$ cat run.txt   # compact mmCIF, C-alpha atoms
# COMPACT_ATOMS: atom_id res chain seq x y z
CA MET M 1 -47.34 53.18 126.38
CA ALA M 2 -48.02 49.67 127.58
CA VAL M 3 -51.16 47.93 126.49
CA ARG M 4 -53.98 49.01 128.69
CA ALA M 5 -55.89 45.77 128.50
CA LEU M 6 -59.47 45.91 129.59
CA THR M 7 -60.62 43.19 131.88
CA ARG M 8 -64.10 43.20 130.49
CA GLY M 9 -66.06 40.11 131.21
CA LEU M 10 -67.72 38.12 128.49
CA LEU M 11 -70.06 40.26 126.48
CA GLY M 12 -73.70 39.48 127.07
CA PHE M 13 -74.42 39.07 123.37
CA ARG M 14 -75.42 35.75 122.03
CA TYR M 15 -73.72 35.01 118.75
CA SER M 16 -75.65 32.80 116.42
CA ARG M 17 -74.49 31.74 112.98
CA ALA M 18 -74.56 34.66 110.59
CA ALA M 19 -77.96 34.29 109.02
CA THR M 20 -78.33 35.53 105.47
CA VAL M 21 -81.39 37.68 105.36
CA ALA M 22 -83.19 37.78 102.04
CA SER M 23 -84.10 41.47 101.86
CA PRO M 24 -81.16 43.73 101.15
CA CYS M 25 -81.77 46.36 103.82
CA GLY M 26 -82.62 44.04 106.70
CA GLY M 27 -85.96 42.58 107.54
CA HIS M 28 -88.45 44.48 109.64
CA HIS M 29 -88.75 43.23 113.14
CA TYR M 30 -92.40 43.07 114.18
CA VAL M 31 -93.42 42.08 117.67
CA THR M 32 -97.05 41.08 118.03
CA ALA M 33 -97.40 40.70 121.81
CA PRO M 34 -95.79 43.76 123.34
CA SER M 35 -96.09 43.19 127.07
CA ALA M 36 -96.11 39.38 127.47
CA LYS M 37 -92.46 38.70 126.52
CA PRO M 38 -89.61 39.56 128.91
CA PRO M 39 -87.22 42.21 127.54
CA GLN M 40 -84.03 40.10 127.37
CA PRO M 41 -84.71 37.88 124.30
CA GLN M 42 -85.84 41.00 122.48
CA ALA M 43 -82.65 42.81 123.42
CA GLY M 44 -80.66 39.79 122.27
CA ASP M 45 -82.47 39.64 118.93
CA VAL M 46 -82.11 43.34 118.40
CA THR M 47 -78.42 43.19 119.20
CA GLU M 48 -78.01 40.30 116.80
CA LYS M 49 -79.75 42.30 114.15
CA ILE M 50 -77.55 45.31 114.85
CA LEU M 51 -74.49 43.10 114.53
CA ASN M 52 -75.52 41.28 111.38
CA GLN M 53 -77.02 44.12 109.41
CA PRO M 54 -73.72 45.71 108.32
CA LEU M 55 -72.49 42.37 106.99
CA GLU M 56 -75.17 42.36 104.33
CA LYS M 57 -73.81 45.31 102.40
CA ALA M 58 -70.49 45.36 100.61
CA ASP M 59 -69.44 48.76 101.92
CA PHE M 60 -71.77 49.53 104.80
CA PHE M 61 -69.52 52.23 106.23
CA ARG M 62 -68.65 53.70 102.81
CA VAL M 63 -64.92 53.57 103.45
CA ALA M 64 -64.18 53.76 99.73
CA GLU M 65 -65.21 57.42 99.81
CA LEU M 66 -62.47 58.29 102.28
CA PHE M 67 -59.59 58.08 99.83
CA SER M 68 -58.85 58.19 96.13
CA LEU M 69 -55.94 57.11 93.98
CA LYS M 70 -54.80 60.71 93.65
CA ASP M 71 -54.66 61.05 97.46
CA LEU M 72 -52.46 57.97 97.63
CA PHE M 73 -50.21 59.27 94.88
CA ASP M 74 -49.86 62.71 96.45
CA ALA M 75 -48.94 61.13 99.76
CA ARG M 76 -46.18 59.18 97.97
CA VAL M 77 -47.66 55.82 98.92
CA HIS M 78 -46.38 54.28 95.69
CA LEU M 79 -42.70 54.80 96.49
CA GLY M 80 -40.99 51.62 97.57
CA HIS M 81 -37.42 50.88 98.49
CA LYS M 82 -34.56 50.08 96.15
CA LYS M 83 -34.40 46.92 94.13
CA GLY M 84 -31.79 45.35 96.40
CA CYS M 85 -34.07 45.55 99.45
CA ARG M 86 -37.00 43.98 97.73
CA HIS M 87 -38.75 41.08 99.45
CA ARG M 88 -39.64 38.36 96.97
CA LEU M 89 -43.16 38.03 98.38
CA MET M 90 -43.85 41.68 97.60
CA GLU M 91 -43.21 41.19 93.88
CA PRO M 92 -46.89 40.64 93.01
CA TYR M 93 -47.77 44.01 94.57
CA LEU M 94 -45.17 46.03 92.63
CA TYR M 95 -46.04 47.97 89.51
CA GLY M 96 -42.48 48.11 88.29
CA CYS M 97 -39.00 49.31 88.95
CA ARG M 98 -37.94 52.77 87.81
CA LEU M 99 -34.15 53.07 87.77
CA ASP M 100 -33.87 50.58 90.66
CA HIS M 101 -36.64 52.23 92.70
CA ASP M 102 -39.57 49.91 93.33
CA ILE M 103 -42.95 51.41 92.54
CA ILE M 104 -45.94 49.89 94.31
CA ASN M 105 -49.06 49.22 92.26
CA LEU M 106 -51.61 51.71 93.55
CA ASP M 107 -54.57 49.93 91.94
CA GLN M 108 -53.84 46.95 94.14
CA THR M 109 -53.23 49.22 97.11
CA MET M 110 -56.66 50.76 96.62
CA GLU M 111 -58.36 47.38 96.78
CA HIS M 112 -56.34 46.18 99.74
CA LEU M 113 -56.82 49.42 101.63
CA GLN M 114 -60.56 49.28 101.05
CA LEU M 115 -60.70 45.73 102.43
CA ALA M 116 -58.54 46.65 105.40
CA LEU M 117 -60.54 49.76 106.28
CA ASN M 118 -63.80 47.88 105.87
CA PHE M 119 -62.60 45.15 108.23
CA THR M 120 -61.40 47.73 110.76
CA ALA M 121 -64.74 49.50 110.60
CA HIS M 122 -66.66 46.29 111.26
CA ILE M 123 -64.44 45.41 114.21
CA ALA M 124 -64.84 48.89 115.67
CA TYR M 125 -68.61 48.66 115.09
CA ARG M 126 -68.73 45.46 117.13
CA GLY M 127 -66.84 47.06 119.98
CA GLY M 128 -63.57 45.31 119.37
CA ILE M 129 -60.28 46.42 120.89
CA ILE M 130 -57.88 47.76 118.28
CA LEU M 131 -54.17 48.06 118.92
CA PHE M 132 -51.96 50.29 116.80
CA VAL M 133 -48.36 49.11 116.61
CA SER M 134 -45.40 50.82 115.02
CA ARG M 135 -41.80 50.64 116.00
CA ARG M 136 -40.78 53.68 113.96
CA ARG M 137 -39.66 56.26 116.41
CA GLN M 138 -40.33 59.02 113.89
CA PHE M 139 -44.08 58.34 114.01
CA GLY M 140 -44.46 57.11 117.57
CA HIS M 141 -46.20 60.22 118.80
CA LEU M 142 -48.45 60.41 115.75
CA VAL M 143 -49.59 56.82 116.21
CA GLU M 144 -50.25 57.37 119.90
CA THR M 145 -52.31 60.49 119.26
CA THR M 146 -54.25 58.69 116.52
CA ALA M 147 -55.11 55.88 118.90
CA LYS M 148 -56.12 58.35 121.57
CA ASP M 149 -58.37 60.23 119.14
CA CYS M 150 -60.27 57.09 118.20
CA GLY M 151 -60.49 55.77 121.74
CA GLU M 152 -58.34 52.76 120.95
CA TYR M 153 -54.90 51.59 122.03
CA ALA M 154 -51.34 51.96 120.79
CA HIS M 155 -48.03 50.27 121.47
CA THR M 156 -45.07 52.08 119.95
CA ARG M 157 -42.38 51.02 122.39
CA TYR M 158 -40.27 47.92 122.86
CA TRP M 159 -42.39 44.81 122.39
CA GLN M 160 -41.77 42.48 125.27
CA GLY M 161 -41.62 38.84 124.30
CA GLY M 162 -44.67 37.65 126.16
CA LEU M 163 -46.94 40.60 125.59
CA LEU M 164 -49.61 38.60 123.79
CA THR M 165 -48.44 35.03 124.30
CA ASN M 166 -47.86 35.40 128.03
CA ALA M 167 -50.48 38.03 128.74
CA ASN M 168 -52.26 36.11 131.49
CA ILE M 169 -49.14 36.04 133.59
CA GLN M 170 -47.81 39.47 132.71
CA TYR M 171 -51.08 41.34 133.12
CA GLY M 172 -53.07 39.12 135.41
CA PRO M 173 -55.61 36.39 134.67
CA GLY M 174 -58.58 37.02 132.39
CA VAL M 175 -56.99 39.74 130.30
CA ARG M 176 -58.87 40.63 127.14
CA LEU M 177 -56.52 40.68 124.20
CA PRO M 178 -56.96 43.00 121.21
CA ASP M 179 -59.40 41.89 118.51
CA LEU M 180 -57.40 43.60 115.76
CA ILE M 181 -53.83 44.80 115.53
CA ILE M 182 -52.96 47.51 113.02
CA PHE M 183 -49.30 47.78 112.05
CA LEU M 184 -48.30 51.15 110.65
CA SER M 185 -44.93 49.57 109.91
CA THR M 186 -44.36 45.82 110.01
CA LEU M 187 -40.63 46.08 110.60
CA ASN M 188 -38.81 46.74 113.83
CA ASN M 189 -35.73 48.90 114.20
CA VAL M 190 -33.34 46.24 112.92
CA PHE M 191 -35.31 45.69 109.69
CA GLN M 192 -36.67 42.35 110.79
CA GLN M 193 -40.31 41.46 110.87
CA HIS M 194 -42.03 42.77 113.99
CA VAL M 195 -42.59 40.06 116.58
CA GLY M 196 -46.18 41.21 116.94
CA ILE M 197 -47.15 39.79 113.54
CA ARG M 198 -46.11 36.30 114.46
CA ASP M 199 -47.57 36.62 117.94
CA ALA M 200 -50.91 37.84 116.63
CA ALA M 201 -51.03 34.88 114.25
CA LYS M 202 -50.27 32.62 117.20
CA MET M 203 -53.02 34.11 119.33
CA ASN M 204 -55.51 34.01 116.42
CA ILE M 205 -55.78 37.79 116.23
CA PRO M 206 -56.27 39.22 112.73
CA THR M 207 -53.82 41.91 111.63
CA VAL M 208 -53.92 44.82 109.25
CA GLY M 209 -50.48 46.03 108.19
CA VAL M 210 -48.85 48.52 105.88
CA VAL M 211 -46.26 46.46 104.01
CA ASP M 212 -43.46 48.25 102.18
CA SER M 213 -41.42 46.64 99.42
CA ASN M 214 -38.92 45.23 101.94
CA CYS M 215 -41.54 43.61 104.22
CA ASN M 216 -42.94 40.08 104.39
CA PRO M 217 -46.69 40.21 103.80
CA SER M 218 -47.40 36.50 104.22
CA LEU M 219 -48.64 36.44 107.83
CA VAL M 220 -50.51 39.75 107.76
CA THR M 221 -54.25 39.04 107.42
CA TYR M 222 -55.07 42.22 105.48
CA PRO M 223 -51.83 43.62 104.08
CA VAL M 224 -51.84 47.09 102.53
CA PRO M 225 -48.91 47.45 100.15
CA GLY M 226 -47.62 50.99 100.50
CA ASN M 227 -44.87 53.29 101.65
CA ASP M 228 -44.28 53.25 105.39
CA ASP M 229 -41.36 55.67 105.52
CA THR M 230 -42.67 59.01 104.26
CA PRO M 231 -44.40 61.21 106.86
CA ALA M 232 -47.07 62.19 104.35
CA ALA M 233 -47.99 58.55 103.75
CA VAL M 234 -48.09 57.62 107.43
CA GLU M 235 -50.18 60.67 108.21
CA LEU M 236 -52.60 59.59 105.52
CA TYR M 237 -52.92 56.09 106.97
CA CYS M 238 -53.39 57.41 110.50
CA ARG M 239 -56.06 59.82 109.29
CA LEU M 240 -57.88 57.10 107.35
CA PHE M 241 -57.88 54.63 110.23
CA LYS M 242 -59.00 57.29 112.67
CA MET M 243 -61.87 58.35 110.39
CA THR M 244 -63.04 54.77 109.79
CA ILE M 245 -63.00 53.86 113.47
CA ASN M 246 -64.83 57.00 114.49
CA ARG M 247 -67.34 56.54 111.71
CA ALA M 248 -67.98 52.93 112.73
CA LYS M 249 -68.42 53.80 116.38
CA ASP M 250 -70.79 56.66 115.59
CA ARG M 251 -72.78 54.35 113.35
CA ARG M 252 -73.05 51.84 116.15
CA LYS M 253 -74.40 54.45 118.53
CA GLN M 254 -76.83 55.53 115.86
CA MET M 255 -78.04 51.97 115.27
CA GLU M 256 -78.46 51.37 118.98
CA LEU M 257 -80.46 54.54 119.32
CA ILE M 258 -82.67 53.67 116.36
CA HIS M 259 -83.32 50.16 117.60
CA GLY M 260 -83.33 51.01 121.27
CA LEU M 261 -85.95 53.69 120.95
CA SER M 262 -88.40 51.53 119.06
CA ALA M 263 -87.60 48.08 120.48
CA PRO M 264 -90.98 47.14 122.05
CA THR M 265 -93.10 48.15 119.08
CA SER M 266 -92.63 47.72 115.38
CA GLN M 267 -89.46 49.29 114.11
CA ILE M 268 -88.63 50.95 110.87
CA SER M 269 -84.89 50.79 110.24
CA MET J 1 -60.30 30.34 126.05
CA ALA J 2 -58.91 27.64 123.84
CA GLY J 3 -56.64 28.59 121.02
CA SER J 4 -54.20 27.21 118.55
CA ARG J 5 -50.75 28.71 118.43
CA LEU J 6 -49.59 27.17 115.17
CA GLU J 7 -48.93 30.25 113.09
CA ARG J 8 -47.17 28.29 110.33
CA PHE J 9 -50.09 25.94 109.78
CA GLY J 10 -53.11 27.33 107.97
CA THR J 11 -54.50 30.79 108.52
CA VAL J 12 -55.97 32.43 111.59
CA PHE J 13 -59.42 31.84 110.16
CA THR J 14 -58.97 28.16 109.27
CA ARG J 15 -57.67 27.37 112.73
CA VAL J 16 -60.56 29.08 114.51
CA ARG J 17 -63.06 27.59 112.09
CA ASP J 18 -61.77 24.10 112.75
CA LEU J 19 -61.76 24.68 116.49
CA ILE J 20 -65.41 25.76 116.33
CA ARG J 21 -66.27 22.82 114.11
CA SER J 22 -64.67 20.37 116.47
CA GLY J 23 -66.41 21.99 119.43
CA VAL J 24 -63.35 23.21 121.29
CA ILE J 25 -64.57 26.80 120.95
CA LYS J 26 -68.25 27.10 121.77
CA PRO J 27 -70.39 29.07 119.29
CA LYS J 28 -71.05 31.74 121.86
CA GLU J 29 -67.34 32.11 122.49
CA LYS J 30 -66.73 32.80 118.81
CA PRO J 31 -64.24 35.63 118.31
CA LEU J 32 -65.56 39.05 117.32
CA TRP J 33 -63.84 39.09 113.95
CA TYR J 34 -64.93 35.64 112.80
CA ASP J 35 -68.14 36.66 111.07
CA VAL J 36 -66.54 39.74 109.57
CA TYR J 37 -63.67 37.68 108.13
CA LYS J 38 -66.14 35.15 106.77
CA THR J 39 -68.12 37.85 104.97
CA PHE J 40 -65.15 39.90 103.82
CA PRO J 41 -62.14 37.61 103.37
CA PRO J 42 -58.83 39.09 102.26
CA LYS J 43 -57.61 38.73 98.68
CA ARG J 44 -54.96 36.28 99.70
CA ALA J 45 -55.28 33.88 102.61
CA PRO J 46 -52.56 34.84 105.12
CA LEU J 47 -50.72 31.56 104.97
CA HIS J 48 -47.19 31.40 106.22
CA VAL J 49 -44.71 31.07 103.35
CA LYS J 50 -41.53 29.16 104.03
CA PRO J 51 -38.41 31.19 103.31
CA VAL J 52 -36.45 29.88 100.36
CA THR J 53 -33.11 28.57 101.65
CA SER J 54 -31.39 27.50 98.45
CA PRO J 55 -29.83 30.41 96.56
CA SER J 56 -30.22 28.51 93.32
CA ALA J 57 -33.91 29.31 93.22
CA LYS J 58 -35.33 30.90 90.08
CA LYS J 59 -34.05 34.38 89.44
CA GLN J 60 -36.60 35.54 86.91
CA GLU J 61 -37.32 39.22 86.78
CA THR J 62 -41.03 39.35 87.52
CA VAL J 63 -40.99 43.08 88.23
CA PRO J 64 -40.75 44.98 84.95
CA GLU J 65 -38.49 47.98 84.50
CA ILE J 66 -40.40 51.18 83.89
CA PHE J 67 -39.19 53.12 80.88
CA TYR J 68 -41.00 55.71 78.85
CA SER J 69 -40.44 56.80 75.26
CA GLU J 70 -39.52 60.28 76.53
CA ASP J 71 -36.57 58.76 78.37
CA LYS J 72 -34.54 58.83 75.15
CA ILE J 73 -35.10 62.57 74.93
CA ARG J 74 -34.25 62.93 78.59
CA THR J 75 -30.95 61.06 78.24
CA GLY J 76 -30.04 63.30 75.33
CA PHE J 77 -30.85 66.39 77.37
CA TYR J 78 -28.85 65.30 80.39
CA GLU J 79 -25.88 64.26 78.30
CA GLN J 80 -25.71 67.60 76.59
CA TYR J 81 -26.74 70.02 79.27
CA GLY J 82 -25.78 68.27 82.48
CA ARG J 83 -27.97 68.48 85.52
CA GLY J 84 -29.80 71.62 84.52
CA LEU J 85 -29.56 74.97 86.20
CA ARG J 86 -32.90 74.96 87.97
CA ALA J 87 -33.30 72.58 90.89
CA LEU J 88 -36.22 70.16 90.93
CA ASP J 89 -38.90 71.03 93.46
CA LEU J 90 -40.61 67.72 94.17
CA SER J 91 -42.90 69.11 96.85
CA LYS J 92 -45.18 70.60 94.20
CA SER J 93 -47.10 68.04 92.21
CA ASN J 94 -47.53 70.31 89.19
CA PHE J 95 -43.87 71.30 88.96
CA VAL J 96 -42.36 71.29 85.46
CA SER J 97 -38.60 70.92 85.42
CA THR J 98 -36.26 72.24 82.72
CA CYS J 99 -35.86 68.74 81.37
CA GLN J 100 -39.60 68.25 81.16
CA ARG J 101 -40.02 71.54 79.26
CA PHE J 102 -37.31 70.39 76.89
CA VAL J 103 -39.14 67.13 76.34
CA ASP J 104 -42.45 68.88 75.76
CA LYS J 105 -40.88 71.30 73.29
CA TYR J 106 -39.10 68.46 71.49
CA ARG J 107 -42.34 66.52 71.08
CA GLU J 108 -44.11 69.64 69.91
CA LEU J 109 -41.48 70.28 67.24
CA LYS J 110 -41.48 66.62 66.27
CA SER J 111 -45.23 66.66 65.83
CA HIS J 112 -44.89 69.60 63.42
CA GLY J 113 -42.75 67.18 61.45
CA MET J 114 -40.53 69.60 59.60
CA LEU J 115 -37.14 68.73 61.12
CA ASP J 116 -35.13 65.54 61.23
CA LYS J 117 -33.69 63.93 64.33
CA SER J 118 -30.22 65.43 64.38
CA SER J 119 -31.37 69.01 64.15
CA LEU J 120 -34.34 68.53 66.49
CA PHE J 121 -32.08 68.77 69.51
CA GLU J 122 -30.51 71.99 68.36
CA GLU J 123 -33.85 73.46 67.45
CA THR J 124 -35.35 72.57 70.83
CA GLY J 125 -32.40 74.19 72.58
CA LYS J 126 -32.85 77.32 70.51
CA ALA J 127 -36.58 77.38 71.12
CA LEU J 128 -36.09 77.15 74.87
CA LEU J 129 -33.48 79.89 74.75
CA LYS J 130 -36.04 82.05 73.01
CA GLU J 131 -38.48 81.39 75.84
CA GLY J 132 -35.89 82.58 78.26
CA ILE J 133 -34.56 79.36 79.77
CA ILE J 134 -30.79 79.39 79.83
CA LEU J 135 -29.21 76.04 79.00
CA ARG J 136 -25.56 75.58 79.70
CA ARG J 137 -23.75 72.91 77.83
CA ARG J 138 -21.99 70.27 79.86
CA GLY J 139 -18.21 70.52 79.81
CA ALA J 140 -18.36 74.17 78.87
CA PRO J 141 -16.09 76.35 80.98
CA PRO J 142 -17.81 78.05 83.88
CA VAL J 143 -18.76 81.74 83.74
CA LEU J 144 -15.71 82.86 85.82
CA ALA J 145 -13.21 81.34 83.32
CA GLU J 146 -11.63 84.66 82.51
CA SER J 147 -11.05 85.64 86.12
CA ARG J 148 -9.64 82.24 87.15
CA ASP J 149 -6.94 82.55 89.71
CA PRO J 150 -3.53 81.59 88.23
CA VAL J 151 -2.70 79.83 91.51
CA LEU J 152 -5.26 77.13 90.67
CA ASP J 153 -3.37 76.22 87.53
CA LEU J 154 -0.25 75.21 89.43
CA LYS J 155 0.40 71.52 89.48
CA LEU J 156 1.21 69.67 92.66
CA ILE J 157 4.37 68.14 91.26
CA ASP J 158 5.75 71.55 90.39
CA MET J 159 4.85 72.83 93.83
CA LEU J 160 6.62 69.91 95.51
CA ALA J 161 9.68 70.42 93.32
CA GLU J 162 9.68 74.09 94.27
CA GLN J 163 9.33 73.26 97.94
CA GLN J 164 12.16 70.73 97.80
CA SER J 165 14.50 73.14 96.14
CA ALA J 166 13.43 75.83 98.62
CA GLY J 167 13.94 73.32 101.47
CA THR J 168 17.51 72.52 100.46
CA ASP J 169 18.24 76.26 100.33
CA THR J 170 16.80 76.86 103.82
CA THR J 171 18.63 73.89 105.36
CA LYS J 172 21.84 75.26 103.91
CA THR J 173 21.09 78.70 105.40
CA THR J 174 20.09 77.27 108.82
CA GLU J 175 23.27 75.16 108.91
CA ASP J 176 25.22 78.29 108.20
CA LYS J 177 23.33 80.12 110.97
CA ASN J 178 23.68 77.32 113.55
CA SER J 179 27.24 76.59 112.93

$ encode --input "run.txt" --output "structure tokens"
Amino acid sequence: MAVRALTRGLLGFRYSRAATVASPCGGHHYVTAPSAKPPQPQAGDVTEKILNQPLEKADFFRVAELFSLKDLFDARVHLGHKKGCRHRLMEPYLYGCRLDHDIINLDQTMEHLQLALNFTAHIAYRGGIILFVSRRRQFGHLVETTAKDCGEYAHTRYWQGGLLTNANIQYGPGVRLPDLIIFLSTLNNVFQQHVGIRDAAKMNIPTVGVVDSNCNPSLVTYPVPGNDDTPAAVELYCRLFKMTINRAKDRRKQMELIHGLSAPTSQIS
Amino acid sequence: MAGSRLERFGTVFTRVRDLIRSGVIKPKEKPLWYDVYKTFPPKRAPLHVKPVTSPSAKKQETVPEIFYSEDKIRTGFYEQYGRGLRALDLSKSNFVSTCQRFVDKYRELKSHGMLDKSSLFEETGKALLKEGIILRRRGAPPVLAESRDPVLDLKLIDMLAEQQSAGTDTTKTTEDKNS
């Protein structure tokens, strides 16, 4: 389906520089004069606090619990392509080559996947637009249903040249572009790099991508070395992304409730 | 909003950072992901890498071949017994193939330490036979050898020779008939 771009106006949040708070679990926000101040600066401060609090912890959304090395192995994530199809930039991510079959290093995949899921969770927490892209026809429906289940967007059809770079003319002025693009497969149907990777880099949009042993990981912001051909592996990725995004959004609602309920008086977070 | 479309120059982050620093992007227009990237950067900065054009670039093998010590046993097994009678079922993660059982039995017998290398193979084969796994030697005639159809033993050259001689006979007879 085509990108359903939201024409949201500028968010009302004021972004200040990310302040490093000394206490690990966020400072308590005490307000001494309850009725004198107008509500808006308080709302702004509270929103800032909501936004900055997750950045203080290494794994605020506990995405590392969602998968284990055994899960990756059982889903055949470690199986790469044959030696002849290997991309030279993927060599650091390979464990070895077993009878000409490239085997991806799952220890590295674990770390990369944790970073990628963490980033996705933070973007979803901040209300960012996430776009799932995959040109594999085999998984088109799966990717679309995944996006629908998390309330985000998917683009599994032909990528028109000016989708991101010419969005203002193709979709009308003031279009809001995605804040994160997740590639379930970075190649298009002719085994070339998907145009979306280059376009996202052009439009300063970070990308998360599953890179197989025949892909070019250089422009992907958070590459995840892994198999992108096996249904089991792709189902695993879709499930993981869906769970992280839903978790992050639920957490955001929770935080807003916690802070919203006790905004005028002292809060205990 | 201002942007920088130079994907081959620096990373997404460095470009946005420099635009903010120079004042082109106002602090309140900062992208959503900027703070998150700053706090949790990726392991490798996503710089564009130029493709290597010259084919004379270094061809070192940086990806090691994966071989195990049991591979020697496996090659011996496959040489002697062919592909194995039982098919491999890769959908089960705890599946043990005939070859793997052979390897396990071989290592077990080796650890007992009584036999030497040459007889270890034979002994492993015998031990597996005792357990009930049939191993058929490669190159051995198939089970239906006795009931092989004699037609299959005919050679093509003989058949052609037969046909030619039969053909000359028939042409002679047809000529006789036509004339």

$ interface_residues --input "run.txt" --of "chain J" --to "chain M" --cutoff "7 Å" --atoms "all atoms listed in the file" --output "mmCIF file with C-alpha atoms, in the coordinates of the input"
data_model
loop_
_atom_site.group_PDB
_atom_site.id
_atom_site.type_symbol
_atom_site.label_atom_id
_atom_site.label_comp_id
_atom_site.auth_asym_id
_atom_site.auth_seq_id
_atom_site.Cartn_x
_atom_site.Cartn_y
_atom_site.Cartn_z
ATOM 1 C CA GLY J 3 -56.640 28.590 121.020
ATOM 2 C CA SER J 4 -54.200 27.210 118.550
ATOM 3 C CA ARG J 5 -50.750 28.710 118.430
ATOM 4 C CA LEU J 6 -49.590 27.170 115.170
ATOM 5 C CA GLU J 7 -48.930 30.250 113.090
ATOM 6 C CA VAL J 12 -55.970 32.430 111.590
ATOM 7 C CA PRO J 27 -70.390 29.070 119.290
ATOM 8 C CA LYS J 28 -71.050 31.740 121.860
ATOM 9 C CA LEU J 32 -65.560 39.050 117.320
ATOM 10 C CA TRP J 33 -63.840 39.090 113.950
ATOM 11 C CA ASP J 35 -68.140 36.660 111.070
ATOM 12 C CA VAL J 36 -66.540 39.740 109.570
ATOM 13 C CA THR J 39 -68.120 37.850 104.970
ATOM 14 C CA PRO J 42 -58.830 39.090 102.260
ATOM 15 C CA PRO J 46 -52.560 34.840 105.120
ATOM 16 C CA LEU J 47 -50.720 31.560 104.970
ATOM 17 C CA HIS J 48 -47.190 31.400 106.220
ATOM 18 C CA VAL J 49 -44.710 31.070 103.350
ATOM 19 C CA THR J 62 -41.030 39.350 87.520
ATOM 20 C CA VAL J 63 -40.990 43.080 88.230
ATOM 21 C CA PRO J 64 -40.750 44.980 84.950
ATOM 22 C CA GLU J 65 -38.490 47.980 84.500
ATOM 23 C CA ILE J 66 -40.400 51.180 83.890
#

$ atom_distance --input "run.txt" --atom1 "atom CA of Gln114 of chain M" --atom2 "atom CA of Pro51 of chain J"
28.7 Å

$ axis_aligned_box --input "run.txt" --around "segment 4-21 of chain J" --padding-each-side "8 Å" --output "lines of an AutoDock Vina configuration file"
center_x = -56.7
center_y = 27.6
center_z = 113.3
size_x = 35.1
size_y = 25.6
size_z = 26.6

$ atom_distance --input "run.txt" --atom1 "atom CA of Phe77 of chain J" --atom2 "atom CA of Leu79 of chain M"
25.3 Å

$ residues_around --input "run.txt" --residues "Asn214 of chain M" --least-positions-apart "2" --cutoff "9 Å" --atoms "all atoms listed in the file" --output "list in words"
Gly80, His81, Lys82, Cys85, Arg86, His87, Arg88, Met90, Leu187, Phe191, Val211, Asp212 and Asn216 of chain M

$ residues_around --input "run.txt" --residues "segment 138-146 of chain M" --least-positions-apart "5" --cutoff "8 Å" --atoms "only C-alpha atoms" --output "short mmCIF file (atom, residue, chain, number, x, y, z; two decimals) with C-alpha atoms, in the coordinates of the input"
data_model
loop_
_atom_site.label_atom_id
_atom_site.label_comp_id
_atom_site.auth_asym_id
_atom_site.auth_seq_id
_atom_site.Cartn_x
_atom_site.Cartn_y
_atom_site.Cartn_z
CA PHE M 132 -51.96 50.29 116.80
CA VAL M 133 -48.36 49.11 116.61
CA TYR M 153 -54.90 51.59 122.03
CA ALA M 154 -51.34 51.96 120.79
CA HIS M 155 -48.03 50.27 121.47
CA THR M 156 -45.07 52.08 119.95
CA PRO M 231 -44.40 61.21 106.86
CA VAL M 234 -48.09 57.62 107.43
CA GLU M 235 -50.18 60.67 108.21
CA CYS M 238 -53.39 57.41 110.50
CA ARG M 239 -56.06 59.82 109.29
CA LYS M 242 -59.00 57.29 112.67
#

$ residues_around --input "run.txt" --residues "segment 107-114 of chain J" --least-positions-apart "5" --cutoff "12 Å" --atoms "all atoms listed in the file" --output "list in words"
Ser69, Glu70, Lys72, Ile73, Arg74, Gln100, Arg101, Phe102, Ser119, Leu120, Phe121, Glu122, Glu123, Thr124, Gly125, Lys126, Ala127 and Leu128 of chain J

$ closest_residue --input "run.txt" --among "M:Leu164, M:Leu69, M:Val195, M:Val63" --to "Phe241 of chain M" --atoms "all atoms listed in the file"
M:Val63
